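Below is input-v6.cif, holding mmCIF, C-alpha atoms; chains and numbers go by the auth columns.
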data_protein
#
loop_
_atom_site.group_PDB
_atom_site.id
_atom_site.type_symbol
_atom_site.label_atom_id
_atom_site.label_comp_id
_atom_site.label_asym_id
_atom_site.label_seq_id
_atom_site.Cartn_x
_atom_site.Cartn_y
_atom_site.Cartn_z
_atom_site.B_iso_or_equiv
_atom_site.auth_seq_id
_atom_site.auth_asym_id
ATOM 1 C CA MET A 1 87.064 84.581 104.989 0.00 237 A
ATOM 2 C CA SER A 2 83.907 86.633 105.553 0.00 238 A
ATOM 3 C CA ASP A 3 82.358 88.803 102.817 0.00 239 A
ATOM 4 C CA LEU A 4 80.878 91.709 104.783 0.00 240 A
ATOM 5 C CA ASP A 5 78.930 93.035 101.780 0.00 241 A
ATOM 6 C CA ARG A 6 77.112 89.726 101.247 0.00 242 A
ATOM 7 C CA ASP A 7 77.152 88.790 104.952 0.00 243 A
ATOM 8 C CA ALA A 8 78.410 85.348 104.012 0.00 244 A
ATOM 9 C CA PRO A 9 81.521 83.370 104.947 0.00 245 A
ATOM 10 C CA SER A 10 83.504 81.387 102.418 0.00 246 A
ATOM 11 C CA ARG A 11 86.125 78.780 103.149 0.00 247 A
ATOM 12 C CA LEU A 12 89.418 79.320 101.324 0.00 248 A
ATOM 13 C CA THR A 13 91.608 76.497 102.605 0.00 249 A
ATOM 14 C CA PHE A 14 91.056 72.781 103.021 0.00 250 A
ATOM 15 C CA LEU A 15 94.517 71.899 104.285 0.00 251 A
ATOM 16 C CA ALA A 16 94.883 69.776 107.398 0.00 252 A
ATOM 17 C CA GLY A 17 96.052 71.416 110.610 0.00 253 A
ATOM 18 C CA SER A 18 95.679 75.097 111.470 0.00 254 A
ATOM 19 C CA ASN A 19 95.661 77.659 108.683 0.00 255 A
ATOM 20 C CA GLN A 20 96.191 81.072 110.208 0.00 256 A
ATOM 21 C CA TRP A 21 97.869 84.514 110.318 0.00 257 A
ATOM 22 C CA PRO A 22 96.784 85.748 106.838 0.00 258 A
ATOM 23 C CA ALA A 23 98.497 88.678 105.133 0.00 259 A
ATOM 24 C CA TRP A 24 96.640 90.397 102.270 0.00 260 A
ATOM 25 C CA ALA A 25 98.410 91.379 99.067 0.00 261 A
ATOM 26 C CA PRO A 26 97.936 95.120 98.370 0.00 262 A
ATOM 27 C CA ASP A 27 95.699 94.450 95.356 0.00 263 A
ATOM 28 C CA GLY A 28 93.380 92.287 97.489 0.00 264 A
ATOM 29 C CA ARG A 29 93.605 89.365 95.083 0.00 265 A
ATOM 30 C CA SER A 30 95.881 87.062 97.081 0.00 266 A
ATOM 31 C CA ILE A 31 96.607 86.020 100.660 0.00 267 A
ATOM 32 C CA ILE A 32 99.676 84.452 102.248 0.00 268 A
ATOM 33 C CA PHE A 33 99.118 82.431 105.402 0.00 269 A
ATOM 34 C CA GLU A 34 100.845 79.931 107.675 0.00 270 A
ATOM 35 C CA SER A 35 99.712 76.304 107.730 0.00 271 A
ATOM 36 C CA THR A 36 100.617 73.650 110.303 0.00 272 A
ATOM 37 C CA ASN A 37 99.509 70.936 107.860 0.00 273 A
ATOM 38 C CA PRO A 38 101.351 67.863 109.260 0.00 274 A
ATOM 39 C CA ALA A 39 102.128 66.546 105.780 0.00 275 A
ATOM 40 C CA ALA A 40 103.422 69.858 104.413 0.00 276 A
ATOM 41 C CA PRO A 41 103.731 72.764 106.869 0.00 277 A
ATOM 42 C CA GLY A 42 104.921 76.187 105.782 0.00 278 A
ATOM 43 C CA LEU A 43 103.749 79.409 104.183 0.00 279 A
ATOM 44 C CA TYR A 44 101.091 79.198 101.471 0.00 280 A
ATOM 45 C CA TRP A 45 99.687 81.524 98.812 0.00 281 A
ATOM 46 C CA ILE A 46 96.043 81.435 97.740 0.00 282 A
ATOM 47 C CA ARG A 47 93.729 83.596 95.633 0.00 283 A
ATOM 48 C CA SER A 48 91.291 85.537 97.790 0.00 284 A
ATOM 49 C CA ASP A 49 88.361 84.723 95.475 0.00 285 A
ATOM 50 C CA GLY A 50 88.766 81.020 96.269 0.00 286 A
ATOM 51 C CA SER A 51 89.807 80.010 92.757 0.00 287 A
ATOM 52 C CA GLY A 52 92.748 77.675 92.381 0.00 288 A
ATOM 53 C CA GLU A 53 94.620 75.646 94.969 0.00 289 A
ATOM 54 C CA ALA A 54 96.821 76.905 97.770 0.00 290 A
ATOM 55 C CA GLN A 55 100.444 77.104 96.607 0.00 291 A
ATOM 56 C CA ARG A 56 103.146 76.107 99.085 0.00 292 A
ATOM 57 C CA LEU A 57 105.935 78.709 99.347 0.00 293 A
ATOM 58 C CA THR A 58 108.266 77.334 102.055 0.00 294 A
ATOM 59 C CA ASP A 59 109.266 73.868 103.243 0.00 295 A
ATOM 60 C CA GLY A 60 108.187 74.373 106.859 0.00 296 A
ATOM 61 C CA LYS A 61 111.558 73.446 108.355 0.00 297 A
ATOM 62 C CA LEU A 62 111.548 76.821 110.094 0.00 298 A
ATOM 63 C CA ALA A 63 108.634 78.374 111.951 0.00 299 A
ATOM 64 C CA GLU A 64 107.512 81.373 109.881 0.00 300 A
ATOM 65 C CA TRP A 65 104.726 83.928 110.255 0.00 301 A
ATOM 66 C CA PRO A 66 103.743 86.290 107.413 0.00 302 A
ATOM 67 C CA SER A 67 103.005 89.848 108.400 0.00 303 A
ATOM 68 C CA SER A 68 103.060 92.469 105.657 0.00 304 A
ATOM 69 C CA PHE A 69 103.473 93.048 101.926 0.00 305 A
ATOM 70 C CA SER A 70 105.394 96.012 100.534 0.00 306 A
ATOM 71 C CA PRO A 71 103.013 98.537 98.903 0.00 307 A
ATOM 72 C CA ASP A 72 103.919 97.317 95.406 0.00 308 A
ATOM 73 C CA GLY A 73 103.136 93.713 96.410 0.00 309 A
ATOM 74 C CA LYS A 74 106.592 92.519 95.378 0.00 310 A
ATOM 75 C CA ARG A 75 108.070 91.740 98.800 0.00 311 A
ATOM 76 C CA LEU A 76 106.861 89.967 101.954 0.00 312 A
ATOM 77 C CA ALA A 77 107.982 90.772 105.509 0.00 313 A
ATOM 78 C CA PHE A 78 107.800 87.859 107.940 0.00 314 A
ATOM 79 C CA SER A 79 109.286 86.567 111.187 0.00 315 A
ATOM 80 C CA GLN A 80 111.190 83.314 111.454 0.00 316 A
ATOM 81 C CA ARG A 81 112.788 81.057 114.071 0.00 317 A
ATOM 82 C CA GLU A 82 114.056 77.529 114.464 0.00 318 A
ATOM 83 C CA ARG A 83 111.175 75.217 115.384 0.00 319 A
ATOM 84 C CA ALA A 84 113.207 73.674 118.219 0.00 320 A
ATOM 85 C CA ASN A 85 114.341 77.078 119.504 0.00 321 A
ATOM 86 C CA GLY A 86 112.026 78.988 121.801 0.00 322 A
ATOM 87 C CA GLY A 87 114.429 81.916 122.113 0.00 323 A
ATOM 88 C CA SER A 88 115.473 84.411 119.450 0.00 324 A
ATOM 89 C CA GLN A 89 113.258 85.211 116.493 0.00 325 A
ATOM 90 C CA ASP A 90 114.285 87.360 113.544 0.00 326 A
ATOM 91 C CA ILE A 91 112.621 89.378 110.786 0.00 327 A
ATOM 92 C CA PHE A 92 113.232 88.693 107.098 0.00 328 A
ATOM 93 C CA THR A 93 111.922 89.984 103.812 0.00 329 A
ATOM 94 C CA ALA A 94 111.737 88.079 100.517 0.00 330 A
ATOM 95 C CA ARG A 95 110.703 88.953 96.983 0.00 331 A
ATOM 96 C CA ILE A 96 107.478 87.509 95.576 0.00 332 A
ATOM 97 C CA GLU A 97 108.482 85.878 92.304 0.00 333 A
ATOM 98 C CA GLY A 98 106.697 83.943 89.582 0.00 334 A
ATOM 99 C CA ASP A 99 103.052 84.654 88.693 0.00 335 A
ATOM 100 C CA PRO A 100 99.734 84.366 90.601 0.00 336 A
ATOM 101 C CA ASP A 101 99.302 80.785 89.398 0.00 337 A
ATOM 102 C CA HIS A 102 102.870 79.722 90.213 0.00 338 A
ATOM 103 C CA PRO A 103 104.244 82.080 92.886 0.00 339 A
ATOM 104 C CA HIS A 104 107.343 81.442 94.943 0.00 340 A
ATOM 105 C CA LEU A 105 109.477 83.308 97.460 0.00 341 A
ATOM 106 C CA GLY A 106 112.949 84.509 96.620 0.00 342 A
ATOM 107 C CA LYS A 107 115.860 84.067 98.994 0.00 343 A
ATOM 108 C CA PRO A 108 115.013 85.473 102.462 0.00 344 A
ATOM 109 C CA GLU A 109 117.026 88.558 103.374 0.00 345 A
ATOM 110 C CA LEU A 110 117.654 89.360 107.047 0.00 346 A
ATOM 111 C CA PHE A 111 116.120 92.669 108.087 0.00 347 A
ATOM 112 C CA VAL A 112 116.855 92.598 111.807 0.00 348 A
ATOM 113 C CA GLY A 113 118.236 89.762 113.920 0.00 349 A
ATOM 114 C CA THR A 114 119.433 89.778 117.528 0.00 350 A
ATOM 115 C CA GLN A 115 119.294 87.437 120.505 0.00 351 A
ATOM 116 C CA ALA A 116 115.873 88.941 121.301 0.00 352 A
ATOM 117 C CA ILE A 117 112.485 88.227 119.723 0.00 353 A
ATOM 118 C CA GLU A 118 111.664 90.472 116.764 0.00 354 A
ATOM 119 C CA ASP A 119 108.184 90.113 115.322 0.00 355 A
ATOM 120 C CA ALA A 120 105.151 91.695 113.598 0.00 356 A
ATOM 121 C CA PRO A 121 106.937 93.665 110.827 0.00 357 A
ATOM 122 C CA ARG A 122 104.781 96.149 108.915 0.00 358 A
ATOM 123 C CA PHE A 123 105.733 98.121 105.818 0.00 359 A
ATOM 124 C CA SER A 124 104.879 101.826 105.835 0.00 360 A
ATOM 125 C CA PRO A 125 102.449 103.089 103.148 0.00 361 A
ATOM 126 C CA ASP A 126 105.353 104.421 101.073 0.00 362 A
ATOM 127 C CA GLY A 127 107.440 101.268 101.576 0.00 363 A
ATOM 128 C CA ARG A 128 110.402 103.208 103.015 0.00 364 A
ATOM 129 C CA TRP A 129 110.082 102.031 106.622 0.00 365 A
ATOM 130 C CA LEU A 130 109.364 98.878 108.604 0.00 366 A
ATOM 131 C CA ALA A 131 107.761 99.003 112.037 0.00 367 A
ATOM 132 C CA TYR A 132 108.150 95.950 114.273 0.00 368 A
ATOM 133 C CA GLN A 133 108.231 94.806 117.887 0.00 369 A
ATOM 134 C CA SER A 134 111.243 93.593 119.875 0.00 370 A
ATOM 135 C CA ASN A 135 111.792 92.556 123.484 0.00 371 A
ATOM 136 C CA GLU A 136 115.500 93.436 123.482 0.00 372 A
ATOM 137 C CA SER A 137 114.883 95.862 126.361 0.00 373 A
ATOM 138 C CA GLY A 138 113.194 93.170 128.480 0.00 374 A
ATOM 139 C CA ILE A 139 109.658 94.011 127.333 0.00 375 A
ATOM 140 C CA PHE A 140 108.174 94.355 123.873 0.00 376 A
ATOM 141 C CA GLU A 141 108.502 97.833 122.391 0.00 377 A
ATOM 142 C CA THR A 142 107.641 99.127 118.929 0.00 378 A
ATOM 143 C CA TYR A 143 110.526 100.293 116.722 0.00 379 A
ATOM 144 C CA VAL A 144 110.939 101.710 113.223 0.00 380 A
ATOM 145 C CA ARG A 145 113.854 101.147 110.841 0.00 381 A
ATOM 146 C CA PRO A 146 114.384 102.296 107.254 0.00 382 A
ATOM 147 C CA PHE A 147 113.882 99.911 104.362 0.00 383 A
ATOM 148 C CA PRO A 148 116.079 98.721 102.759 0.00 384 A
ATOM 149 C CA PRO A 149 117.888 98.146 106.078 0.00 385 A
ATOM 150 C CA GLY A 150 120.594 100.569 107.082 0.00 386 A
ATOM 151 C CA GLY A 151 120.822 103.834 108.950 0.00 387 A
ATOM 152 C CA GLY A 152 118.980 104.593 112.151 0.00 388 A
ATOM 153 C CA ARG A 153 116.491 102.952 114.456 0.00 389 A
ATOM 154 C CA TRP A 154 113.767 104.722 116.408 0.00 390 A
ATOM 155 C CA GLN A 155 111.849 103.491 119.462 0.00 391 A
ATOM 156 C CA ILE A 156 108.204 104.512 119.104 0.00 392 A
ATOM 157 C CA SER A 157 106.522 103.180 122.254 0.00 393 A
ATOM 158 C CA THR A 158 107.405 103.778 125.902 0.00 394 A
ATOM 159 C CA GLY A 159 106.500 101.281 128.598 0.00 395 A
ATOM 160 C CA GLY A 160 105.575 98.570 126.103 0.00 396 A
ATOM 161 C CA GLY A 161 104.281 98.418 122.546 0.00 397 A
ATOM 162 C CA MET A 162 103.263 95.593 120.214 0.00 398 A
ATOM 163 C CA PHE A 163 101.667 94.893 116.814 0.00 399 A
ATOM 164 C CA PRO A 164 102.270 98.162 114.932 0.00 400 A
ATOM 165 C CA VAL A 165 99.812 99.237 112.214 0.00 401 A
ATOM 166 C CA TRP A 166 100.370 102.187 109.880 0.00 402 A
ATOM 167 C CA SER A 167 97.623 104.622 108.951 0.00 403 A
ATOM 168 C CA ARG A 168 97.133 104.634 105.172 0.00 404 A
ATOM 169 C CA ASP A 169 97.371 108.433 105.015 0.00 405 A
ATOM 170 C CA GLY A 170 100.974 108.293 106.191 0.00 406 A
ATOM 171 C CA HIS A 171 100.560 110.400 109.331 0.00 407 A
ATOM 172 C CA GLU A 172 100.062 107.955 112.218 0.00 408 A
ATOM 173 C CA LEU A 173 101.437 104.696 113.549 0.00 409 A
ATOM 174 C CA LEU A 174 99.286 102.625 115.916 0.00 410 A
ATOM 175 C CA PHE A 175 100.358 99.933 118.378 0.00 411 A
ATOM 176 C CA GLU A 176 99.013 97.958 121.333 0.00 412 A
ATOM 177 C CA THR A 177 100.189 98.570 124.873 0.00 413 A
ATOM 178 C CA LEU A 178 101.012 95.646 127.135 0.00 414 A
ATOM 179 C CA ASP A 179 97.537 95.992 128.693 0.00 415 A
ATOM 180 C CA ARG A 180 96.034 95.818 125.160 0.00 416 A
ATOM 181 C CA ARG A 181 94.959 99.413 124.641 0.00 417 A
ATOM 182 C CA VAL A 182 95.470 100.938 121.193 0.00 418 A
ATOM 183 C CA MET A 183 97.821 103.924 121.031 0.00 419 A
ATOM 184 C CA ALA A 184 98.598 106.306 118.167 0.00 420 A
ATOM 185 C CA VAL A 185 101.766 108.234 117.364 0.00 421 A
ATOM 186 C CA SER A 186 102.014 111.034 114.817 0.00 422 A
ATOM 187 C CA TYR A 187 105.262 111.078 112.852 0.00 423 A
ATOM 188 C CA ASP A 188 107.221 113.034 110.311 0.00 424 A
ATOM 189 C CA ALA A 189 109.578 111.244 107.928 0.00 425 A
ATOM 190 C CA LYS A 190 112.008 113.266 105.812 0.00 426 A
ATOM 191 C CA GLY A 191 114.876 111.701 103.930 0.00 427 A
ATOM 192 C CA ASP A 192 116.622 109.280 106.284 0.00 428 A
ATOM 193 C CA SER A 193 115.137 110.847 109.416 0.00 429 A
ATOM 194 C CA PHE A 194 112.074 109.593 111.284 0.00 430 A
ATOM 195 C CA ALA A 195 110.610 111.823 114.020 0.00 431 A
ATOM 196 C CA ALA A 196 107.810 110.372 116.177 0.00 432 A
ATOM 197 C CA GLY A 197 105.551 112.341 118.491 0.00 433 A
ATOM 198 C CA LYS A 198 104.287 111.433 121.944 0.00 434 A
ATOM 199 C CA PRO A 199 102.055 108.321 122.074 0.00 435 A
ATOM 200 C CA ARG A 200 98.414 109.062 122.854 0.00 436 A
ATOM 201 C CA ILE A 201 95.460 106.820 123.578 0.00 437 A
ATOM 202 C CA TRP A 202 93.472 105.997 120.429 0.00 438 A
ATOM 203 C CA SER A 203 90.950 103.834 122.301 0.00 439 A
ATOM 204 C CA GLU A 204 90.474 102.774 125.928 0.00 440 A
ATOM 205 C CA ILE A 205 88.957 99.481 124.799 0.00 441 A
ATOM 206 C CA ARG A 206 91.106 96.534 125.869 0.00 442 A
ATOM 207 C CA LEU A 207 91.647 94.055 123.052 0.00 443 A
ATOM 208 C CA PRO A 208 91.665 90.337 123.897 0.00 444 A
ATOM 209 C CA ASP A 209 94.895 88.398 124.214 0.00 445 A
ATOM 210 C CA PHE A 210 94.958 85.691 121.551 0.00 446 A
ATOM 211 C CA GLY A 211 98.646 84.925 121.889 0.00 447 A
ATOM 212 C CA PRO A 212 101.481 86.046 119.627 0.00 448 A
ATOM 213 C CA ARG A 213 99.381 87.725 116.923 0.00 449 A
ATOM 214 C CA THR A 214 97.249 90.836 116.707 0.00 450 A
ATOM 215 C CA THR A 215 93.451 90.854 116.619 0.00 451 A
ATOM 216 C CA TYR A 216 92.910 94.292 115.060 0.00 452 A
ATOM 217 C CA ASP A 217 93.560 96.289 111.910 0.00 453 A
ATOM 218 C CA LEU A 218 92.921 99.828 110.757 0.00 454 A
ATOM 219 C CA ALA A 219 90.376 100.651 108.057 0.00 455 A
ATOM 220 C CA PRO A 220 91.701 102.363 104.894 0.00 456 A
ATOM 221 C CA ASP A 221 90.128 105.680 105.964 0.00 457 A
ATOM 222 C CA GLY A 222 92.106 105.582 109.233 0.00 458 A
ATOM 223 C CA LYS A 223 88.974 106.310 111.266 0.00 459 A
ATOM 224 C CA ARG A 224 87.856 102.827 112.300 0.00 460 A
ATOM 225 C CA LEU A 225 89.317 99.630 113.680 0.00 461 A
ATOM 226 C CA ALA A 226 88.193 96.122 112.912 0.00 462 A
ATOM 227 C CA ALA A 227 88.821 94.046 116.025 0.00 463 A
ATOM 228 C CA VAL A 228 87.927 90.644 117.411 0.00 464 A
ATOM 229 C CA LEU A 229 86.311 90.864 120.845 0.00 465 A
ATOM 230 C CA THR A 230 84.452 88.424 123.052 0.00 466 A
ATOM 231 C CA SER A 231 81.271 89.270 124.928 0.00 467 A
ATOM 232 C CA ASP A 232 83.245 89.495 128.170 0.00 468 A
ATOM 233 C CA GLU A 233 85.522 92.174 126.750 0.00 469 A
ATOM 234 C CA MET A 234 82.526 94.232 125.612 0.00 470 A
ATOM 235 C CA ALA A 235 80.594 93.960 128.866 0.00 471 A
ATOM 236 C CA GLY A 236 80.261 97.281 130.652 0.00 472 A
ATOM 237 C CA GLN A 237 82.426 99.207 128.185 0.00 473 A
ATOM 238 C CA ASN A 238 81.479 102.460 126.498 0.00 474 A
ATOM 239 C CA LEU A 239 82.327 101.643 122.875 0.00 475 A
ATOM 240 C CA SER A 240 83.847 104.375 120.747 0.00 476 A
ATOM 241 C CA MET A 241 82.093 105.176 117.498 0.00 477 A
ATOM 242 C CA ARG A 242 85.503 104.967 115.810 0.00 478 A
ATOM 243 C CA LEU A 243 85.637 101.204 116.317 0.00 479 A
ATOM 244 C CA SER A 244 83.991 98.332 114.440 0.00 480 A
ATOM 245 C CA PHE A 245 83.870 95.042 116.361 0.00 481 A
ATOM 246 C CA LEU A 246 83.372 91.447 115.319 0.00 482 A
ATOM 247 C CA VAL A 247 81.958 89.833 118.452 0.00 483 A
ATOM 248 C CA ASN A 248 82.432 86.066 118.939 0.00 484 A
ATOM 249 C CA PHE A 249 83.426 85.894 115.269 0.00 485 A
ATOM 250 C CA PHE A 250 84.547 82.274 115.338 0.00 486 A
ATOM 251 C CA ASP A 251 81.303 81.120 117.013 0.00 487 A
ATOM 252 C CA GLU A 252 79.329 82.897 114.275 0.00 488 A
ATOM 253 C CA LEU A 253 81.547 81.365 111.592 0.00 489 A
ATOM 254 C CA ARG A 254 80.939 77.865 112.969 0.00 490 A
ATOM 255 C CA ARG A 255 77.179 78.555 113.063 0.00 491 A
ATOM 256 C CA ARG A 256 77.106 79.675 109.425 0.00 492 A
ATOM 257 C CA ALA A 257 79.499 76.993 108.163 0.00 493 A
ATOM 258 C CA PRO A 258 79.060 73.865 110.343 0.00 494 A
ATOM 259 C CA GLU A 259 81.409 70.928 109.988 0.00 495 A
ATOM 260 C CA SER A 260 78.908 68.935 107.933 0.00 496 A
ATOM 261 C CA LYS A 261 78.948 71.590 105.194 0.00 497 A
ATOM 262 C CA LYS A 262 82.687 72.061 104.899 0.00 498 A
#
Give the structure from this file in structure tokens form.
Amino acid sequence: MSDLDRDAPSRLTFLAGSNQWPAWAPDGRSIIFESTNPAAPGLYWIRSDGSGEAQRLTDGKLAEWPSSFSPDGKRLAFSQRERANGGSQDIFTARIEGDPDHPHLGKPELFVGTQAIEDAPRFSPDGRWLAYQSNESGIFETYVRPFPPGGGRWQISTGGGMFPVWSRDGHELLFETLDRRVMAVSYDAKGDSFAAGKPRIWSEIRLPDFGPRTTYDLAPDGKRLAAVLTSDEMAGQNLSMRLSFLVNFFDELRRRAPESKK
């Protein structure tokens, strides 16, 4: 984790393997992440201030990726698939139970499951909707469904859409196109109805492809993005003033926290 106010990184996890795909609790005090720790893989919970040990939440028998907390911090949305199955992938939610020192996940509840790959679920700011991506049409598109599940389903993107992110003010939904541009859609949600406008370009900057997870997020004020870019992606591009970029972040992190000091 990097403290931007102090301009200093701090290491939160000391588990073996890769520790990745963090999801912040709404109060900013805790993080859930996935660990490939060979001795004990699964989802883990840790305090964001570095106090205490990481608490294991799942047994790692299934491949699971955390994505989003409900606004009240009481439920986690995540995607899950069989480790030996490279095909379908479904979205579940589960209650966060226990206390910050001894948290655990309640029984996972299926949100959407088909023969396609469903991924990247994000709760809306009011907790009444979940946006996600699915390749049921042959390519990944962004969809919205009500939460709790039931009722309609709305396709938000056209021609490809991934990694949805809600604006905190409750008026826009962002997603990435297949060529990694960021798009925005205005929407109006009343009762059980969700009406989305026409997608428009939020930024022409192409985000890098780091595999099955996003590399950007929207600032609370809805006016800036934090994104991971490499020098190659920035070369020759006219950067928008609405974007904040972390360039070669992992190289800088290694420079500030070399192996000998971990």
Determine, counting all atoms listed in the file, which protein, DNA and RNA residues have an atom within 8 Å of an atom of region 440-457 of chain A; residues of the same chain fewer than 5 positions away are not included. Present the result as JSON, numbers by chain. {"A": [257, 356, 399, 401, 402, 403, 404, 405, 415, 416, 417, 418, 462, 463, 464, 465, 466, 469, 473, 475]}
Would you mind listing what lies within 9 Å of Val380 (chain A) as a list of chain:residue names, with only C-alpha atoms counted and same-chain residues fewer than 2 positions away left out? A:Trp365, A:Leu366, A:Ala367, A:Tyr368, A:Gln369, A:Thr378, A:Pro382, A:Gly388, A:Arg389, A:Trp390, A:Gln391, A:Ile392, A:Phe430
Which polymer residues have any atom within 8 Å of an atom of region 340-342 of chain A, counting all atoms listed in the file, with same-chain residues fewer than 3 positions away left out, as a list in words? Arg292, Leu293, Thr294, Ala330, Arg331, Ile332, Glu333 and Gly334 of chain A
Kindly resolve the PyMOL selection byres ((chain A and resi 300) around 10) on the present coordinates and return the residues as a PyMOL selection string. chain A and resi 269-271+277-279+294+296-299+301-303+314-319+325-328
Please measure the separation of CA of Leu346 (chain A) and CA of Tyr379 (chain A), giving the value in Å to one decimal. 16.2 Å
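Comparing the minimum interatomic distances between Gly363 (chain A) and each of A:Phe250, A:Trp438, A:Trp260, A:Phe383, counting all atoms listed in the file, we find that A:Phe383 sits nearest.
The spacing separating CA of Thr249 (chain A) from CA of Tyr280 (chain A) amounts to 9.9 Å.
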